[in-house]
>>> print(open('target-v6.pdb').read())   # PDB, C-alpha atoms and all ligand atoms
ATOM      1  CA  MET A   1      79.870 128.463 -32.119
ATOM      2  CA  LYS A   2      81.302 130.972 -34.631
ATOM      3  CA  GLU A   3      84.550 129.740 -36.242
ATOM      4  CA  ASN A   4      86.556 132.902 -35.509
ATOM      5  CA  TYR A   5      89.192 131.026 -33.533
ATOM      6  CA  TYR A   6      92.013 128.527 -33.907
ATOM      7  CA  LEU A   7      93.683 126.209 -31.421
ATOM      8  CA  GLU A   8      97.419 126.317 -30.799
ATOM      9  CA  PRO A   9      98.800 123.070 -29.308
ATOM     10  CA  PHE A  10     100.111 123.695 -25.787
ATOM     11  CA  ILE A  11     100.305 120.650 -23.446
ATOM     12  CA  LYS A  12     100.399 117.192 -25.028
ATOM     13  CA  LYS A  13      98.231 114.304 -23.819
ATOM     14  CA  GLU A  14     101.343 112.325 -22.788
ATOM     15  CA  ASP A  15     102.689 115.240 -20.729
ATOM     16  CA  ILE A  16      99.350 115.619 -18.937
ATOM     17  CA  GLN A  17      99.307 111.879 -18.151
ATOM     18  CA  LYS A  18     102.867 112.034 -16.791
ATOM     19  CA  LYS A  19     102.048 115.041 -14.608
ATOM     20  CA  VAL A  20      98.849 113.485 -13.250
ATOM     21  CA  LYS A  21     100.859 110.395 -12.251
ATOM     22  CA  GLU A  22     103.403 112.599 -10.428
ATOM     23  CA  LEU A  23     100.647 114.472  -8.576
ATOM     24  CA  GLY A  24      99.003 111.175  -7.576
ATOM     25  CA  LYS A  25     102.306 109.861  -6.267
ATOM     26  CA  MET A  26     102.974 113.033  -4.237
ATOM     27  CA  ILE A  27      99.484 112.974  -2.723
ATOM     28  CA  SER A  28      99.758 109.247  -1.924
ATOM     29  CA  GLU A  29     103.049 109.839  -0.108
ATOM     30  CA  ASP A  30     101.765 112.869   1.818
ATOM     31  CA  TYR A  31      98.641 111.047   3.040
ATOM     32  CA  ARG A  32     100.088 107.570   3.678
ATOM     33  CA  GLY A  33      98.154 105.937   6.544
ATOM     34  CA  GLU A  34      95.281 108.427   6.171
ATOM     35  CA  GLU A  35      92.048 108.579   4.198
ATOM     36  CA  LEU A  36      91.149 111.281   1.707
ATOM     37  CA  PHE A  37      88.027 113.130   0.670
ATOM     38  CA  LEU A  38      88.482 114.656  -2.785
ATOM     39  CA  VAL A  39      86.103 117.416  -3.867
ATOM     40  CA  GLY A  40      86.054 118.146  -7.597
ATOM     41  CA  VAL A  41      84.951 121.568  -8.827
ATOM     42  CA  LEU A  42      82.486 121.114 -11.681
ATOM     43  CA  LYS A  43      82.452 121.237 -14.479
ATOM     44  CA  GLY A  44      86.086 121.869 -15.368
ATOM     45  CA  SER A  45      87.717 119.315 -13.064
ATOM     46  CA  TRP A  46      85.838 116.131 -13.949
ATOM     47  CA  ILE A  47      88.341 114.693 -16.441
ATOM     48  CA  PHE A  48      91.351 115.597 -14.283
ATOM     49  CA  MET A  49      89.601 114.121 -11.227
ATOM     50  CA  ALA A  50      88.823 110.857 -13.051
ATOM     51  CA  ASP A  51      92.494 110.431 -13.998
ATOM     52  CA  LEU A  52      93.924 111.679 -10.695
ATOM     53  CA  VAL A  53      91.953 109.321  -8.410
ATOM     54  CA  ARG A  54      93.340 106.350 -10.352
ATOM     55  CA  GLU A  55      96.888 107.481  -9.488
ATOM     56  CA  ILE A  56      96.244 107.836  -5.745
ATOM     57  CA  GLU A  57      96.963 104.814  -3.596
ATOM     58  CA  VAL A  58      95.332 105.757  -0.264
ATOM     59  CA  PRO A  59      91.639 105.026   0.465
ATOM     60  CA  LEU A  60      89.482 107.897  -0.730
ATOM     61  CA  GLU A  61      85.984 109.186  -1.302
ATOM     62  CA  VAL A  62      84.982 111.515  -4.117
ATOM     63  CA  SER A  63      82.413 114.252  -4.193
ATOM     64  CA  PHE A  64      81.707 117.253  -6.415
ATOM     65  CA  ILE A  65      80.675 120.860  -5.999
ATOM     66  CA  SER A  66      79.409 122.940  -8.892
ATOM     67  CA  VAL A  67      80.176 126.638  -9.281
ATOM     68  CA  SER A  68      80.352 129.002 -12.223
ATOM     69  CA  SER A  69      81.783 132.432 -12.938
ATOM     70  CA  TYR A  70      82.811 132.411 -16.628
ATOM     71  CA  VAL A  71      79.560 132.630 -18.534
ATOM     72  CA  GLY A  72      78.972 132.743 -22.312
ATOM     73  CA  GLU A  73      81.376 133.723 -25.092
ATOM     74  CA  THR A  74      84.012 135.315 -22.880
ATOM     75  CA  THR A  75      87.505 134.614 -21.596
ATOM     76  CA  LYS A  76      86.971 136.992 -18.648
ATOM     77  CA  THR A  77      85.493 136.163 -15.275
ATOM     78  CA  SER A  78      82.172 137.757 -14.371
ATOM     79  CA  GLY A  79      83.769 138.311 -10.969
ATOM     80  CA  VAL A  80      80.759 136.679  -9.312
ATOM     81  CA  VAL A  81      81.080 133.049  -8.252
ATOM     82  CA  ARG A  82      77.693 131.267  -8.176
ATOM     83  CA  LEU A  83      77.185 128.069  -6.181
ATOM     84  CA  LEU A  84      75.135 125.785  -8.434
ATOM     85  CA  CYS A  85      75.225 122.523  -6.459
ATOM     86  CA  ASP A  86      76.769 121.774  -3.069
ATOM     87  CA  ILE A  87      78.638 118.694  -1.777
ATOM     88  CA  ASP A  88      76.414 115.833  -0.645
ATOM     89  CA  LYS A  89      78.320 114.966   2.573
ATOM     90  CA  PRO A  90      79.701 116.713   5.685
ATOM     91  CA  LEU A  91      83.440 117.476   5.686
ATOM     92  CA  SER A  92      84.081 117.362   9.431
ATOM     93  CA  ASN A  93      87.132 115.277  10.293
ATOM     94  CA  LYS A  94      88.005 114.607   6.646
ATOM     95  CA  ASN A  95      91.281 115.254   4.863
ATOM     96  CA  VAL A  96      89.846 117.359   2.057
ATOM     97  CA  ILE A  97      91.611 118.061  -1.233
ATOM     98  CA  LEU A  98      89.789 120.436  -3.540
ATOM     99  CA  VAL A  99      90.507 119.423  -7.140
ATOM    100  CA  GLU A 100      90.455 122.159  -9.803
ATOM    101  CA  ASP A 101      91.364 122.299 -13.471
ATOM    102  CA  ILE A 102      92.783 125.839 -13.265
ATOM    103  CA  VAL A 103      93.501 128.690 -10.848
ATOM    104  CA  ASP A 104      93.246 131.892 -12.859
ATOM    105  CA  THR A 105      92.099 135.022 -10.968
ATOM    106  CA  GLY A 106      91.718 132.788  -7.905
ATOM    107  CA  LEU A 107      88.205 134.118  -7.218
ATOM    108  CA  THR A 108      86.589 130.666  -7.524
ATOM    109  CA  LEU A 109      89.020 128.977  -5.135
ATOM    110  CA  SER A 110      88.982 131.845  -2.699
ATOM    111  CA  TYR A 111      85.156 131.597  -2.558
ATOM    112  CA  LEU A 112      85.296 127.797  -2.146
ATOM    113  CA  LYS A 113      88.023 127.858   0.492
ATOM    114  CA  LYS A 114      85.918 130.203   2.640
ATOM    115  CA  LEU A 115      82.787 128.129   2.053
ATOM    116  CA  LEU A 116      84.389 124.786   2.928
ATOM    117  CA  GLU A 117      86.841 125.616   5.707
ATOM    118  CA  VAL A 118      84.023 126.592   8.081
ATOM    119  CA  ARG A 119      82.782 122.994   7.787
ATOM    120  CA  LYS A 120      85.753 121.985   9.941
ATOM    121  CA  PRO A 121      87.654 119.440   7.834
ATOM    122  CA  LYS A 122      90.627 117.740   9.538
ATOM    123  CA  SER A 123      92.859 119.245   6.822
ATOM    124  CA  PHE A 124      92.290 121.253   3.649
ATOM    125  CA  LYS A 125      94.483 121.465   0.549
ATOM    126  CA  ILE A 126      94.060 122.432  -3.085
ATOM    127  CA  CYS A 127      95.236 120.510  -6.138
ATOM    128  CA  ALA A 128      95.076 122.338  -9.485
ATOM    129  CA  LEU A 129      96.283 120.969 -12.792
ATOM    130  CA  LEU A 130      97.031 124.475 -14.117
ATOM    131  CA  ASP A 131      98.056 127.684 -12.392
ATOM    132  CA  LYS A 132      98.011 131.078 -14.158
ATOM    133  CA  PRO A 133      99.628 133.314 -11.483
ATOM    134  CA  GLU A 134      99.879 136.455 -13.670
ATOM    135  CA  ARG A 135      96.108 136.924 -13.518
ATOM    136  CA  ARG A 136      95.637 136.497  -9.788
ATOM    137  CA  MET A 137      93.134 138.833  -8.090
ATOM    138  CA  ALA A 138      92.677 136.853  -4.855
ATOM    139  CA  ASP A 139      95.385 135.717  -2.475
ATOM    140  CA  ILE A 140      95.131 131.970  -2.947
ATOM    141  CA  LYS A 141      97.670 129.211  -3.590
ATOM    142  CA  ALA A 142      97.285 125.556  -4.478
ATOM    143  CA  GLU A 143      99.517 123.113  -2.578
ATOM    144  CA  TYR A 144      99.658 120.751  -5.567
ATOM    145  CA  VAL A 145     100.096 122.295  -9.028
ATOM    146  CA  GLY A 146     100.598 120.451 -12.310
ATOM    147  CA  PHE A 147     101.731 123.196 -14.700
ATOM    148  CA  THR A 148     102.326 126.917 -14.169
ATOM    149  CA  ILE A 149     101.207 128.620 -17.377
ATOM    150  CA  PRO A 150     101.368 132.128 -18.890
ATOM    151  CA  ASP A 151      98.384 134.450 -19.287
ATOM    152  CA  GLU A 152      96.687 132.605 -22.168
ATOM    153  CA  PHE A 153      93.146 131.238 -22.367
ATOM    154  CA  VAL A 154      93.409 127.465 -22.581
ATOM    155  CA  VAL A 155      90.913 124.753 -23.491
ATOM    156  CA  GLY A 156      90.739 120.958 -23.538
ATOM    157  CA  TYR A 157      91.032 118.199 -20.911
ATOM    158  CA  GLY A 158      87.919 119.525 -19.160
ATOM    159  CA  LEU A 159      88.565 123.233 -19.771
ATOM    160  CA  ASP A 160      85.991 125.014 -21.909
ATOM    161  CA  TYR A 161      85.232 128.132 -23.847
ATOM    162  CA  ASN A 162      81.474 128.790 -23.764
ATOM    163  CA  GLY A 163      80.899 125.108 -22.947
ATOM    164  CA  TYR A 164      82.954 123.705 -25.836
ATOM    165  CA  PHE A 165      86.329 121.902 -26.147
ATOM    166  CA  ARG A 166      86.181 120.036 -22.803
ATOM    167  CA  ASN A 167      86.453 116.735 -24.706
ATOM    168  CA  LEU A 168      89.835 117.458 -26.321
ATOM    169  CA  PRO A 169      92.484 115.096 -24.874
ATOM    170  CA  GLU A 170      95.266 117.715 -25.007
ATOM    171  CA  ILE A 171      95.382 121.328 -23.774
ATOM    172  CA  SER A 172      95.490 124.103 -26.387
ATOM    173  CA  ILE A 173      95.623 127.885 -26.388
ATOM    174  CA  LEU A 174      92.458 129.437 -27.822
ATOM    175  CA  ARG A 175      93.353 132.250 -30.210
ATOM    176  CA  PHE A 176      90.934 134.545 -31.975
ATOM    177  CA  LYS A 177      91.438 135.532 -35.653
TER     178      LYS A 177
HETATM  179  O1  LIG A 201      90.442 131.421 -10.854
HETATM  180  P1  LIG A 201      89.205 131.844 -11.589
HETATM  181  O2  LIG A 201      89.408 133.093 -12.407
HETATM  182  O3  LIG A 201      88.009 131.940 -10.702
HETATM  183  O4  LIG A 201      88.910 130.731 -12.702
HETATM  184  C1  LIG A 201      88.929 129.369 -12.459
HETATM  185  C2  LIG A 201      87.585 128.736 -12.606
HETATM  186  O5  LIG A 201      87.009 129.080 -13.871
HETATM  187  C3  LIG A 201      86.549 127.910 -14.518
HETATM  188  O6  LIG A 201      85.237 127.618 -14.149
HETATM  189  P2  LIG A 201      83.936 128.198 -14.891
HETATM  190  O7  LIG A 201      83.340 129.309 -14.101
HETATM  191  O8  LIG A 201      84.278 128.479 -16.321
HETATM  192  O9  LIG A 201      82.954 126.966 -14.814
HETATM  193  P3  LIG A 201      83.199 125.506 -15.423
HETATM  194  O10 LIG A 201      84.164 124.795 -14.500
HETATM  195  O11 LIG A 201      81.841 124.894 -15.402
HETATM  196  O12 LIG A 201      83.761 125.653 -16.805
HETATM  197  C4  LIG A 201      87.503 126.850 -14.006
HETATM  198  O13 LIG A 201      86.962 125.554 -14.157
HETATM  199  C5  LIG A 201      87.708 127.236 -12.568
HETATM  200  O14 LIG A 201      86.728 126.672 -11.720
HETATM  201  O1  LIG A 202      92.184 129.668 -19.356
HETATM  202  C1  LIG A 202      91.051 129.219 -19.050
HETATM  203  N1  LIG A 202      90.403 128.319 -19.844
HETATM  204  C2  LIG A 202      89.181 127.818 -19.547
HETATM  205  N2  LIG A 202      88.511 128.169 -18.447
HETATM  206  C3  LIG A 202      89.087 129.057 -17.623
HETATM  207  N3  LIG A 202      88.629 129.562 -16.467
HETATM  208  C4  LIG A 202      89.547 130.396 -16.023
HETATM  209  N4  LIG A 202      90.614 130.451 -16.861
HETATM  210  C5  LIG A 202      90.348 129.605 -17.878
END
>>> encode(input="target-v6.pdb", output="structure tokens")
Amino acid sequence: MKENYYLEPFIKKEDIQKKVKELGKMISEDYRGEELFLVGVLKGSWIFMADLVREIEVPLEVSFISVSSYVGETTKTSGVVRLLCDIDKPLSNKNVILVEDIVDTGLTLSYLKKLLEVRKPKSFKICALLDKPERRMADIKAEYVGFTIPDEFVVGYGLDYNGYFRNLPEISILRFK
């Protein structure tokens, strides 16, 4: 990757951990006495999902679905969401929570909501660590949101630019020189 960028610190590791704990507590309270089926959206959500499930106290299963719409050296969506790999189990009668790293234009979640709701889950909610409402193009809202952020392209904690930076433990703003 060309080094024409720098990273501006944005959300500290400790603040992410605290927020993930809060989200886990909220979800555990809302689903007390029930079971959960969490669906992570790959690749961005895998680190968030791994931390979130360990903060949830109700019995749960985990699955993943893989989609992509930001391709190559760009911070703009292609506008076309491609299903790369589907969930391995039926959703009927399950309390589904779709777990995302970020809602930006909302096109990914809008596509996934339509795709999954027809599979007749018992309930369907969305949990996103980050929400960037200024960029919304589709009418979609997550029930559980970690941080509402401004219109900046962010990386780290699972979020990438052209495949890189997912491994960074904190979230940073990617700025170009
Ligand atoms: O609200 P939107 O504008 O649709 O953007 C959000 C989606 O974009 C990113 O995925 P990406 O297509 O980059 O794939 P990735 O998860 O593999 O990085 C991110 O992980 C979300 O799934
Ligand atoms: O700000 C972002 N960062 C990384 N991936 C993304 N996908 C949509 N928005 C973003």
>>> residues_around(input="target-v6.pdb", residues="Tyr70 (chain A)", least_positions_apart="4", cutoff="12 Å", atoms="all atoms listed in the file", output="list in words")
Lys43, Gly44, Thr74, Thr75, Lys76, Thr77, Ser78, Gly79, Val80, Val81, Arg82, Asp104, Thr105, Leu107, Thr108, Phe153, Leu159, Asp160, Tyr161, Asn162 and Gly163 of chain A
>>> write_last_selection(input="target-v6.pdb", atoms="C-alpha atoms", output="PDB file, in the frame of the given file")
ATOM      1  CA  LYS A  43      82.452 121.237 -14.479  1.00  0.00           C
ATOM      2  CA  GLY A  44      86.086 121.869 -15.368  1.00  0.00           C
ATOM      3  CA  THR A  74      84.012 135.315 -22.880  1.00  0.00           C
ATOM      4  CA  THR A  75      87.505 134.614 -21.596  1.00  0.00           C
ATOM      5  CA  LYS A  76      86.971 136.992 -18.648  1.00  0.00           C
ATOM      6  CA  THR A  77      85.493 136.163 -15.275  1.00  0.00           C
ATOM      7  CA  SER A  78      82.172 137.757 -14.371  1.00  0.00           C
ATOM      8  CA  GLY A  79      83.769 138.311 -10.969  1.00  0.00           C
ATOM      9  CA  VAL A  80      80.759 136.679  -9.312  1.00  0.00           C
ATOM     10  CA  VAL A  81      81.080 133.049  -8.252  1.00  0.00           C
ATOM     11  CA  ARG A  82      77.693 131.267  -8.176  1.00  0.00           C
ATOM     12  CA  ASP A 104      93.246 131.892 -12.859  1.00  0.00           C
ATOM     13  CA  THR A 105      92.099 135.022 -10.968  1.00  0.00           C
ATOM     14  CA  LEU A 107      88.205 134.118  -7.218  1.00  0.00           C
ATOM     15  CA  THR A 108      86.589 130.666  -7.524  1.00  0.00           C
ATOM     16  CA  PHE A 153      93.146 131.238 -22.367  1.00  0.00           C
ATOM     17  CA  LEU A 159      88.565 123.233 -19.771  1.00  0.00           C
ATOM     18  CA  ASP A 160      85.991 125.014 -21.909  1.00  0.00           C
ATOM     19  CA  TYR A 161      85.232 128.132 -23.847  1.00  0.00           C
ATOM     20  CA  ASN A 162      81.474 128.790 -23.764  1.00  0.00           C
ATOM     21  CA  GLY A 163      80.899 125.108 -22.947  1.00  0.00           C
TER      22      GLY A 163
END
>>> closest_residue(input="target-v6.pdb", among="A:Leu98, A:Tyr144, A:Arg166, A:Ser68", to="ligand LIG 201 (chain A)", atoms="all atoms listed in the file")
A:Ser68
>>> closest_residue(input="target-v6.pdb", among="A:Lys177, A:Arg54, A:Lys89, A:Lys132", to="Val39 (chain A)", atoms="only C-alpha atoms")
A:Lys89
>>> axis_aligned_box(input="target-v6.pdb", around="region 114-121 of chain A", padding_each_side="5 Å", output="AutoDock Vina command-line options")
--center_x 85.2 --center_y 124.8 --center_z 6.0 --size_x 14.9 --size_y 20.8 --size_z 17.9
>>> resolve_selection(input="target-v6.pdb", expression="the PyMOL selection byres (((chain A and resi 152) around 10) and not hetatm)", output="list of chain:residue names")
A:Thr75, A:Asp104, A:Lys132, A:Glu134, A:Arg135, A:Ile149, A:Pro150, A:Asp151, A:Phe153, A:Val154, A:Val155, A:Ser172, A:Ile173, A:Leu174, A:Arg175
>>> closest_residue(input="target-v6.pdb", among="A:Glu170, A:Asp86, A:Asp51, A:Asp101", to="ligand LIG 202 (chain A)", atoms="all atoms listed in the file")
A:Asp101
>>> resolve_selection(input="target-v6.pdb", expression="the PyMOL selection byres (((chain A and resi 91) around 12) and not hetatm)", output="VMD selection string")
chain A and resid 36 to 39 61 to 63 86 to 90 92 to 98 115 to 124
>>> closest_residue(input="target-v6.pdb", among="A:Phe165, A:Tyr6, A:Phe147, A:Tyr111", to="Val67 (chain A)", atoms="only C-alpha atoms")
A:Tyr111
>>> atom_distance(input="target-v6.pdb", atom1="atom O4 of ligand LIG 201 (chain A)", atom2="CA of Ser69 (chain A)")
7.3 Å
>>> closest_residue(input="target-v6.pdb", among="A:Asp131, A:Ser110, A:Glu57, A:Cys85", to="Leu42 (chain A)", atoms="all atoms listed in the file")
A:Cys85
>>> resolve_selection(input="target-v6.pdb", expression="the PyMOL selection byres (((chain A and resi 15) around 12) and not hetatm)", output="ChimeraX atom specification")
/A:10-14,16-22,129,146-147,169-171
>>> atom_distance(input="target-v6.pdb", atom1="CA of Leu52 (chain A)", atom2="CA of Leu23 (chain A)")
7.6 Å
>>> atom_distance(input="target-v6.pdb", atom1="CA of Glu34 (chain A)", atom2="CA of Leu109 (chain A)")
24.3 Å
>>> closest_residue(input="target-v6.pdb", among="A:Val145, A:Leu112, A:Val71, A:Ile56", to="ligand LIG 202 (chain A)", atoms="all atoms listed in the file")
A:Val71
>>> residues_near_point(input="target-v6.pdb", point="(97.3, 116.9, -2.6)", cutoff="8 Å", atoms="all atoms listed in the file", output="list in words")
Leu23, Gly24, Met26, Ile27, Asp30, Ile97, Lys125, Ile126, Cys127, Glu143 and Tyr144 of chain A
